[in-house]
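Undergrad: Let me begin by handing over the structure; questions about it come next.
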Amino acid sequence: MIVIEHLEKKYKGTDKGIKDISLHVEKGDLFAFIGHNGAGKTTLLKCITGIHGFDKGKIMIDGTNLEQNPMECKRKFAYIPDNPDLYEYLTGMQYLNFIGDVFEVNAKERKERIEKYGQALEILSDLGELIKSYSHGMKQKLAILSALIHEPKLLILDEPFVGLDPKATVTLKGIMREICDRGGAIFFSTHVLEVAERLCNKVAIIKNGELIAAGRMDELVNKGESLEDVFMEVLNSESDTEHVQH
């Protein structure tokens with residue numbers, strides 16, 4: 001679903017960015033992306049989604065080159081940033097219909113999906129209200145619902161559980177599993193390592209813009225260890241020479 005090869009992105013006038021990142025996310029993968037603040041997580045996600053350009057390397061989305069065919073790629077995925085910008089003077093339903101129009105979702109499918117995910121996220125009864133009246137958690141739910149309108153093959157999320165109540169968190173986990181079970185893929189950044197360990201089959205760790213560990217969760221996290229243990233070992237290590245790739 002995502003093939004990243006030797007990707008590099010540097011912000012002008014700084015040494016910040018990402019360096020020589022190669023990563024594969026396959027169909028069925030529920031893939032966690034973790035790292036400390038400023039490590040490069042959001043930069044990589046914004047490169048994958050076409051928000052940022054990049055200096056070197058290649059990104060393929062479901063077999064399509066992102067640089068050569070950005071619109072085709074964007075039809076295949078949905079992206080939920082950590083702080084979604086929504087059109088606050090629209091109602092929730094107006095916003096969902098706008099997104100449905102962008103992705104050319106027909107009226108029948110649009111209605112079915114809004115009802116299905118709106119009920120699951122317990123926001124259906126609030127869709128007639130202006131978005132500016134929503135709490136942070138409600139805005140997050142609306143962003144999730146809007147991302148599911150066109151049933152994307154790939155869901156890319158930046159800290160998706162921030163702002164969600166416990167019930168909505170459980171619901172989102174179920175939706176993520178459902179997408180992967182039907183042959184899609186999820187790639188998301190998170191600071192909630194316990195959730196990543198329980199939920200995901202793969203994980204990648206980034207430090208100072210470099211990918212230093214990536215692979216199957218059950219291979220990177222040994223018996224008797226937790227993902228938190230592995231993550232802290234990586235952060236505290238003086239040498240980044242031991243890259244793990246599977």
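All residue names refer to the structure tokens as shown: chains lettered A, B, ... in order, residues numbered from 1 in each chain, ligands numbered from 1 in order.
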Using only C-alpha atoms, which residues sit within 10 Å of segment 14-23 of chain A once same-chain residues fewer than 2 positions away are excluded, as a PyMOL selection string?
TA: chain A and resi 2-12+25-26+38-44+54-59+204+206-212+214-215+245-246
Undergrad: Can you work out the spacing between atom CA of His52 of chain A and atom CA of Arg75 of chain A in Å, to one decimal?
TA: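 Pair atom CA of His52 of chain A / atom CA of Arg75 of chain A returns 17.3 Å.
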Undergrad: Ranking A:His136, A:Lys223, A:Lys108, A:Lys202 by minimum distance to Asp29 of chain A and counting only C-alpha atoms, which one comes first?
TA: A:Lys202
Undergrad: Which residues come within 6 Å of segment 162-175 of chain A, counting only C-alpha atoms, excluding same-chain residues fewer than 3 positions away, as a list of chain:residue names?
TA: A:Leu121, A:Gly137, A:Glu159, A:Glu178
Undergrad: Mind listing the helix (DSSP H, G or I) residues of segment 122-160 of chain A, per DSSP on the backbone, as a list in words?
TA: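 Here is the list: Leu124, Ser125, Asp126, Ile131, Lys132, Ser133, His136, Gly137, Met138, Lys139, Gln140, Lys141, Leu142, Ala143, Ile144, Leu145, Ser146, Ala147 and Leu148 of chain A.
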Undergrad: With all heavy atoms retained, export the selected residues as a CSV table (one decimal), in the first residue's frame.
TA:
```csv
chain,number,residue,atom,x,y,z
A,124,LEU,N,-24.1,11.2,15.3
A,124,LEU,CA,-25.1,11.4,14.3
A,124,LEU,C,-26.1,12.5,14.6
A,124,LEU,O,-26.5,13.3,13.8
A,124,LEU,CB,-25.8,10.0,14.1
A,124,LEU,CG,-26.6,9.9,12.8
A,124,LEU,CD1,-25.8,10.0,11.5
A,124,LEU,CD2,-27.3,8.5,12.8
A,125,SER,N,-26.5,12.5,15.9
A,125,SER,CA,-27.5,13.5,16.3
A,125,SER,C,-27.0,14.9,16.3
A,125,SER,O,-27.7,15.9,16.4
A,125,SER,CB,-28.1,13.1,17.7
A,125,SER,OG,-27.0,13.2,18.6
A,126,ASP,N,-25.7,15.1,16.2
A,126,ASP,CA,-25.0,16.4,16.3
A,126,ASP,C,-24.7,17.0,14.9
A,126,ASP,O,-24.2,18.1,14.8
A,126,ASP,CB,-23.8,16.4,17.1
A,126,ASP,CG,-24.0,15.9,18.5
A,126,ASP,OD1,-24.8,16.6,19.2
A,126,ASP,OD2,-23.5,14.9,19.0
A,131,ILE,N,-20.2,23.4,13.2
A,131,ILE,CA,-18.9,22.7,13.7
A,131,ILE,C,-18.3,23.6,14.7
A,131,ILE,O,-17.6,23.1,15.7
A,131,ILE,CB,-18.0,22.5,12.5
A,131,ILE,CG1,-18.6,21.5,11.5
A,131,ILE,CG2,-16.6,22.0,13.0
A,131,ILE,CD1,-17.8,21.3,10.2
A,132,LYS,N,-18.5,24.9,14.6
A,132,LYS,CA,-17.8,25.8,15.6
A,132,LYS,C,-18.3,25.6,17.0
A,132,LYS,O,-17.7,25.9,18.0
A,132,LYS,CB,-18.0,27.3,15.3
A,132,LYS,CG,-19.4,27.8,15.4
A,132,LYS,CD,-19.5,29.3,15.1
A,132,LYS,CE,-20.9,29.9,15.3
A,132,LYS,NZ,-20.9,31.3,15.1
A,133,SER,N,-19.5,24.9,17.1
A,133,SER,CA,-20.1,24.6,18.5
A,133,SER,C,-19.6,23.3,19.0
A,133,SER,O,-19.9,23.0,20.2
A,133,SER,CB,-21.6,24.6,18.4
A,133,SER,OG,-22.1,23.4,17.7
A,136,HIS,N,-13.6,19.6,21.2
A,136,HIS,CA,-12.5,19.1,20.4
A,136,HIS,C,-12.7,17.6,20.1
A,136,HIS,O,-12.4,17.2,19.0
A,136,HIS,CB,-11.2,19.2,21.3
A,136,HIS,CG,-10.0,18.5,20.7
A,136,HIS,ND1,-9.3,19.1,19.6
A,136,HIS,CD2,-9.3,17.4,21.0
A,136,HIS,CE1,-8.3,18.3,19.2
A,136,HIS,NE2,-8.3,17.3,20.1
A,137,GLY,N,-13.3,16.9,21.0
A,137,GLY,CA,-13.5,15.4,20.8
A,137,GLY,C,-14.5,15.2,19.6
A,137,GLY,O,-14.4,14.3,18.8
A,138,MET,N,-15.6,16.1,19.6
A,138,MET,CA,-16.6,16.0,18.5
A,138,MET,C,-16.0,16.3,17.2
A,138,MET,O,-16.3,15.7,16.1
A,138,MET,CB,-17.8,16.9,18.8
A,138,MET,CG,-18.6,16.4,19.9
A,138,MET,SD,-19.8,17.6,20.5
A,138,MET,CE,-20.9,17.8,19.0
A,139,LYS,N,-15.1,17.3,17.1
A,139,LYS,CA,-14.4,17.7,15.9
A,139,LYS,C,-13.5,16.5,15.4
A,139,LYS,O,-13.5,16.2,14.2
A,139,LYS,CB,-13.5,18.9,16.1
A,139,LYS,CG,-14.4,20.2,16.2
A,139,LYS,CD,-13.5,21.4,16.4
A,139,LYS,CE,-14.3,22.7,16.6
A,139,LYS,NZ,-13.4,23.8,16.9
A,140,GLN,N,-12.9,15.8,16.4
A,140,GLN,CA,-12.1,14.7,16.0
A,140,GLN,C,-12.9,13.6,15.4
A,140,GLN,O,-12.6,12.9,14.4
A,140,GLN,CB,-11.3,14.2,17.2
A,140,GLN,CG,-10.3,13.1,17.0
A,140,GLN,CD,-9.0,13.6,16.3
A,140,GLN,OE1,-8.9,14.7,15.9
A,140,GLN,NE2,-8.1,12.7,16.1
A,141,LYS,N,-14.1,13.3,16.0
A,141,LYS,CA,-15.0,12.3,15.5
A,141,LYS,C,-15.5,12.7,14.1
A,141,LYS,O,-15.6,11.8,13.2
A,141,LYS,CB,-16.2,12.2,16.4
A,141,LYS,CG,-15.9,11.5,17.8
A,141,LYS,CD,-17.2,11.5,18.6
A,141,LYS,CE,-16.9,10.8,20.0
A,141,LYS,NZ,-18.2,10.8,20.8
A,142,LEU,N,-15.8,14.0,13.9
A,142,LEU,CA,-16.3,14.4,12.5
A,142,LEU,C,-15.1,14.2,11.5
A,142,LEU,O,-15.4,13.8,10.4
A,142,LEU,CB,-16.7,15.9,12.6
A,142,LEU,CG,-17.2,16.4,11.3
A,142,LEU,CD1,-18.5,15.7,10.9
A,142,LEU,CD2,-17.4,17.9,11.4
A,143,ALA,N,-13.9,14.5,11.9
A,143,ALA,CA,-12.8,14.3,11.0
A,143,ALA,C,-12.6,12.8,10.6
A,143,ALA,O,-12.4,12.5,9.5
A,143,ALA,CB,-11.5,14.8,11.6
A,144,ILE,N,-12.8,11.9,11.6
A,144,ILE,CA,-12.7,10.5,11.4
A,144,ILE,C,-13.8,10.1,10.4
A,144,ILE,O,-13.6,9.4,9.4
A,144,ILE,CB,-12.8,9.7,12.7
A,144,ILE,CG1,-11.6,10.0,13.6
A,144,ILE,CG2,-13.0,8.2,12.4
A,144,ILE,CD1,-11.7,9.5,15.0
A,145,LEU,N,-15.1,10.5,10.7
A,145,LEU,CA,-16.2,10.2,9.9
A,145,LEU,C,-16.0,10.7,8.4
A,145,LEU,O,-16.3,10.0,7.5
A,145,LEU,CB,-17.5,10.8,10.5
A,145,LEU,CG,-18.8,10.6,9.8
A,145,LEU,CD1,-19.0,9.2,9.3
A,145,LEU,CD2,-19.9,11.1,10.6
A,146,SER,N,-15.5,11.9,8.3
A,146,SER,CA,-15.3,12.4,6.9
A,146,SER,C,-14.2,11.6,6.2
A,146,SER,O,-14.3,11.5,4.9
A,146,SER,CB,-14.9,13.9,7.0
A,146,SER,OG,-13.6,14.1,7.5
A,147,ALA,N,-13.2,11.1,6.9
A,147,ALA,CA,-12.2,10.3,6.3
A,147,ALA,C,-12.7,9.0,5.8
A,147,ALA,O,-12.1,8.4,4.9
A,147,ALA,CB,-11.1,10.1,7.3
A,148,LEU,N,-13.8,8.5,6.3
A,148,LEU,CA,-14.4,7.2,5.9
A,148,LEU,C,-15.4,7.3,4.8
A,148,LEU,O,-15.9,6.2,4.4
A,148,LEU,CB,-14.9,6.5,7.2
A,148,LEU,CG,-13.9,6.3,8.3
A,148,LEU,CD1,-14.7,5.8,9.6
A,148,LEU,CD2,-12.9,5.3,7.9
```
Undergrad: Would you please work out which residue, of A:Arg182, A:His191, A:Arg177, A:Lys111, is nearest to Gly35 of chain A when using only C-alpha atoms?
TA: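 Checking each of A:Arg182, A:His191, A:Arg177, A:Lys111 against Gly35 of chain A, counting only C-alpha atoms, the winner is A:His191.
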Undergrad: Hey, what's within 10 Å of Tyr95 of chain A if we count only C-alpha atoms and toss same-chain stuff fewer than 3 positions away? As a tab-separated table (two decimals) with all heavy atoms, in the first residue's frame, please?
TA:
```tsv
chain	number	residue	atom	x	y	z
A	86	LEU	N	-11.24	22.19	10.19
A	86	LEU	CA	-12.57	21.97	9.64
A	86	LEU	C	-13.21	23.32	9.33
A	86	LEU	O	-12.84	24.35	9.90
A	86	LEU	CB	-13.44	21.19	10.64
A	86	LEU	CG	-12.84	19.87	11.13
A	86	LEU	CD1	-13.69	19.30	12.27
A	86	LEU	CD2	-12.73	18.86	10.00
A	87	TYR	N	-14.18	23.33	8.43
A	87	TYR	CA	-14.88	24.56	8.08
A	87	TYR	C	-15.96	24.83	9.12
A	87	TYR	O	-17.07	24.30	9.05
A	87	TYR	CB	-15.47	24.45	6.67
A	87	TYR	CG	-14.43	24.23	5.60
A	87	TYR	CD1	-14.51	23.15	4.72
A	87	TYR	CD2	-13.35	25.11	5.48
A	87	TYR	CE1	-13.54	22.96	3.75
A	87	TYR	CE2	-12.38	24.91	4.51
A	87	TYR	CZ	-12.48	23.83	3.65
A	87	TYR	OH	-11.52	23.65	2.69
A	88	GLU	N	-15.63	25.68	10.08
A	88	GLU	CA	-16.43	25.78	11.29
A	88	GLU	C	-17.79	26.45	11.10
A	88	GLU	O	-18.66	26.34	11.96
A	88	GLU	CB	-15.63	26.50	12.38
A	88	GLU	CG	-14.35	25.74	12.76
A	88	GLU	CD	-13.92	25.99	14.18
A	88	GLU	OE1	-14.29	27.04	14.73
A	88	GLU	OE2	-13.22	25.13	14.73
A	89	TYR	N	-18.00	27.14	9.99
A	89	TYR	CA	-19.30	27.77	9.76
A	89	TYR	C	-20.20	26.91	8.88
A	89	TYR	O	-21.25	27.37	8.42
A	89	TYR	CB	-19.11	29.17	9.19
A	89	TYR	CG	-18.59	30.12	10.24
A	89	TYR	CD1	-17.23	30.34	10.42
A	89	TYR	CD2	-19.46	30.74	11.14
A	89	TYR	CE1	-16.74	31.16	11.42
A	89	TYR	CE2	-19.00	31.57	12.15
A	89	TYR	CZ	-17.64	31.78	12.28
A	89	TYR	OH	-17.17	32.59	13.29
A	90	LEU	N	-19.81	25.67	8.67
A	90	LEU	CA	-20.70	24.66	8.10
A	90	LEU	C	-21.24	23.81	9.24
A	90	LEU	O	-20.64	23.71	10.31
A	90	LEU	CB	-19.95	23.75	7.12
A	90	LEU	CG	-19.36	24.38	5.86
A	90	LEU	CD1	-18.63	23.31	5.05
A	90	LEU	CD2	-20.44	25.03	5.02
A	91	THR	N	-22.38	23.17	9.00
A	91	THR	CA	-22.82	22.14	9.93
A	91	THR	C	-22.00	20.87	9.67
A	91	THR	O	-21.34	20.74	8.62
A	91	THR	CB	-24.31	21.81	9.74
A	91	THR	OG1	-24.50	21.20	8.46
A	91	THR	CG2	-25.16	23.05	9.87
A	92	GLY	N	-22.05	19.94	10.61
A	92	GLY	CA	-21.35	18.68	10.41
A	92	GLY	C	-21.81	17.99	9.13
A	92	GLY	O	-20.99	17.47	8.36
A	98	PHE	N	-19.81	17.97	1.61
A	98	PHE	CA	-18.73	18.59	0.84
A	98	PHE	C	-17.64	17.56	0.55
A	98	PHE	O	-17.17	17.43	-0.59
A	98	PHE	CB	-18.15	19.78	1.62
A	98	PHE	CG	-16.83	20.27	1.12
A	98	PHE	CD1	-16.72	20.89	-0.12
A	98	PHE	CD2	-15.68	20.11	1.88
A	98	PHE	CE1	-15.49	21.34	-0.59
A	98	PHE	CE2	-14.45	20.55	1.42
A	98	PHE	CZ	-14.36	21.17	0.18
A	99	ILE	N	-17.23	16.80	1.57
A	99	ILE	CA	-16.21	15.77	1.38
A	99	ILE	C	-16.73	14.69	0.43
A	99	ILE	O	-15.99	14.21	-0.45
A	99	ILE	CB	-15.80	15.15	2.74
A	99	ILE	CG1	-15.18	16.21	3.65
A	99	ILE	CG2	-14.83	13.98	2.52
A	99	ILE	CD1	-13.91	16.84	3.14
A	100	GLY	N	-17.99	14.31	0.58
A	100	GLY	CA	-18.58	13.34	-0.33
A	100	GLY	C	-18.55	13.81	-1.77
A	100	GLY	O	-18.29	13.02	-2.70
A	101	ASP	N	-18.81	15.10	-1.99
A	101	ASP	CA	-18.75	15.67	-3.35
A	101	ASP	C	-17.32	15.62	-3.90
A	101	ASP	O	-17.11	15.29	-5.07
A	101	ASP	CB	-19.24	17.12	-3.35
A	101	ASP	CG	-20.74	17.23	-3.11
A	101	ASP	OD1	-21.45	16.22	-3.27
A	101	ASP	OD2	-21.19	18.34	-2.77
A	127	LEU	N	-24.96	16.25	13.85
A	127	LEU	CA	-24.50	16.67	12.52
A	127	LEU	C	-25.26	17.89	11.98
A	127	LEU	O	-24.79	18.53	11.03
A	127	LEU	CB	-24.60	15.51	11.54
A	127	LEU	CG	-23.65	14.34	11.82
A	127	LEU	CD1	-23.84	13.23	10.79
A	127	LEU	CD2	-22.19	14.80	11.85
A	130	LEU	N	-23.64	23.59	13.92
A	130	LEU	CA	-22.43	24.20	13.35
A	130	LEU	C	-21.18	23.59	13.98
A	130	LEU	O	-21.14	23.34	15.19
A	130	LEU	CB	-22.43	25.71	13.57
A	130	LEU	CG	-23.45	26.54	12.78
A	130	LEU	CD1	-23.38	27.99	13.21
A	130	LEU	CD2	-23.21	26.42	11.28
A	131	ILE	N	-20.17	23.37	13.17
A	131	ILE	CA	-18.93	22.75	13.67
A	131	ILE	C	-18.27	23.62	14.73
A	131	ILE	O	-17.65	23.11	15.66
A	131	ILE	CB	-17.97	22.48	12.49
A	131	ILE	CG1	-18.58	21.45	11.53
A	131	ILE	CG2	-16.61	22.00	12.98
A	131	ILE	CD1	-17.82	21.28	10.22
A	142	LEU	N	-15.80	13.96	13.87
A	142	LEU	CA	-16.25	14.40	12.55
A	142	LEU	C	-15.14	14.19	11.52
A	142	LEU	O	-15.40	13.75	10.39
A	142	LEU	CB	-16.67	15.86	12.59
A	142	LEU	CG	-17.21	16.42	11.26
A	142	LEU	CD1	-18.51	15.73	10.86
A	142	LEU	CD2	-17.41	17.94	11.36
A	143	ALA	N	-13.90	14.49	11.90
A	143	ALA	CA	-12.76	14.28	10.99
A	143	ALA	C	-12.62	12.81	10.63
A	143	ALA	O	-12.37	12.45	9.46
A	143	ALA	CB	-11.48	14.81	11.62
A	146	SER	N	-15.49	11.89	8.27
A	146	SER	CA	-15.26	12.44	6.92
A	146	SER	C	-14.20	11.64	6.17
A	146	SER	O	-14.27	11.50	4.94
A	146	SER	CB	-14.86	13.91	7.00
A	146	SER	OG	-13.56	14.08	7.55
```
Undergrad: At a cut-off of 10 Å, can you tabulate as JSON lines every residue of segment 19-48 of chain A near segment 79-85 of chain A together with its closest atom pair and the distance in Å to one decimal, using only C-alpha atoms and ordering rows by chain then number?
TA:
```
{"residue": "A:Thr42", "atom": "CA", "partner": "A:Pro81", "partner_atom": "CA", "distance": 8.6}
{"residue": "A:Leu45", "atom": "CA", "partner": "A:Tyr79", "partner_atom": "CA", "distance": 8.7}
{"residue": "A:Lys46", "atom": "CA", "partner": "A:Pro81", "partner_atom": "CA", "distance": 8.9}
{"residue": "A:Ile48", "atom": "CA", "partner": "A:Tyr79", "partner_atom": "CA", "distance": 9.6}
```
Undergrad: Taking C-alpha atoms for each residue, export the selection above as an mmCIF file, in the first residue's frame.
TA:
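Produced file part27.cif, reproduced below:
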```cif
data_model
loop_
_atom_site.group_PDB
_atom_site.id
_atom_site.type_symbol
_atom_site.label_atom_id
_atom_site.label_comp_id
_atom_site.auth_asym_id
_atom_site.auth_seq_id
_atom_site.Cartn_x
_atom_site.Cartn_y
_atom_site.Cartn_z
ATOM 1 C CA THR A 42 4.574 14.361 11.165
ATOM 2 C CA LEU A 45 3.188 11.673 7.195
ATOM 3 C CA LYS A 46 2.914 15.008 5.385
ATOM 4 C CA ILE A 48 3.254 10.597 2.201
#
```
Undergrad: For a test of reading the model, state the distance in Å between atom CA of Glu67 of chain A and atom CA of Leu155 of chain A, rounded to one decimal.
TA: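 So the two atoms, atom CA of Glu67 of chain A and atom CA of Leu155 of chain A, lie 19.0 Å apart.
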Undergrad: Leu193 of chain A: which residues within 8 Å, counting only C-alpha atoms, same-chain residues fewer than 4 positions away excluded, as a ChimeraX atom specification?
TA: /A:34,197,227-228
Undergrad: Please, could you write that set of residues out with all heavy atoms as a PDB file, in the first residue's frame?
TA:
```
ATOM      1  N   ILE A  34       6.277   5.435  15.684  1.00  0.00           N
ATOM      2  CA  ILE A  34       6.514   6.085  16.968  1.00  0.00           C
ATOM      3  C   ILE A  34       7.872   6.774  16.991  1.00  0.00           C
ATOM      4  O   ILE A  34       8.788   6.428  16.244  1.00  0.00           O
ATOM      5  CB  ILE A  34       6.402   5.078  18.141  1.00  0.00           C
ATOM      6  CG1 ILE A  34       7.462   3.985  18.037  1.00  0.00           C
ATOM      7  CG2 ILE A  34       5.002   4.465  18.187  1.00  0.00           C
ATOM      8  CD1 ILE A  34       7.459   3.032  19.233  1.00  0.00           C
ATOM      9  N   GLU A 197       1.136  -1.450  20.823  1.00  0.00           N
ATOM     10  CA  GLU A 197       1.608  -2.817  21.018  1.00  0.00           C
ATOM     11  C   GLU A 197       0.476  -3.828  20.919  1.00  0.00           C
ATOM     12  O   GLU A 197       0.627  -4.899  20.316  1.00  0.00           O
ATOM     13  CB  GLU A 197       2.305  -2.941  22.378  1.00  0.00           C
ATOM     14  CG  GLU A 197       2.911  -4.316  22.619  1.00  0.00           C
ATOM     15  CD  GLU A 197       3.704  -4.389  23.911  1.00  0.00           C
ATOM     16  OE1 GLU A 197       3.874  -3.341  24.588  1.00  0.00           O
ATOM     17  OE2 GLU A 197       4.157  -5.505  24.263  1.00  0.00           O
ATOM     18  N   LEU A 227       6.773  -2.749  24.299  1.00  0.00           N
ATOM     19  CA  LEU A 227       7.174  -1.769  23.281  1.00  0.00           C
ATOM     20  C   LEU A 227       7.806  -0.555  23.941  1.00  0.00           C
ATOM     21  O   LEU A 227       8.745   0.032  23.402  1.00  0.00           O
ATOM     22  CB  LEU A 227       5.952  -1.360  22.455  1.00  0.00           C
ATOM     23  CG  LEU A 227       6.194  -0.347  21.323  1.00  0.00           C
ATOM     24  CD1 LEU A 227       7.226  -0.849  20.330  1.00  0.00           C
ATOM     25  CD2 LEU A 227       4.887  -0.012  20.614  1.00  0.00           C
ATOM     26  N   GLU A 228       7.314  -0.215  25.120  1.00  0.00           N
ATOM     27  CA  GLU A 228       7.904   0.904  25.854  1.00  0.00           C
ATOM     28  C   GLU A 228       9.370   0.627  26.191  1.00  0.00           C
ATOM     29  O   GLU A 228      10.223   1.511  26.064  1.00  0.00           O
ATOM     30  CB  GLU A 228       7.113   1.153  27.138  1.00  0.00           C
ATOM     31  CG  GLU A 228       7.563   2.362  27.938  1.00  0.00           C
ATOM     32  CD  GLU A 228       6.708   2.582  29.168  1.00  0.00           C
ATOM     33  OE1 GLU A 228       5.676   3.253  29.058  1.00  0.00           O
ATOM     34  OE2 GLU A 228       7.081   2.055  30.237  1.00  0.00           O
TER      35      GLU A 228
END
```
Undergrad: Excluding Arg110 of chain A and any residue of its chain fewer than 5 positions from it, enumerate the residues within 8 Å of it, using only C-alpha atoms, and give them as a ChimeraX atom specification.
TA: /A:97,100,105,149-150
Undergrad: Please measure the separation of atom CA of Lys76 of chain A and atom CA of Gly50 of chain A, giving the value in Å to one decimal.
TA: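 Interatomic distance, atom CA of Lys76 of chain A to atom CA of Gly50 of chain A: 12.5 Å.
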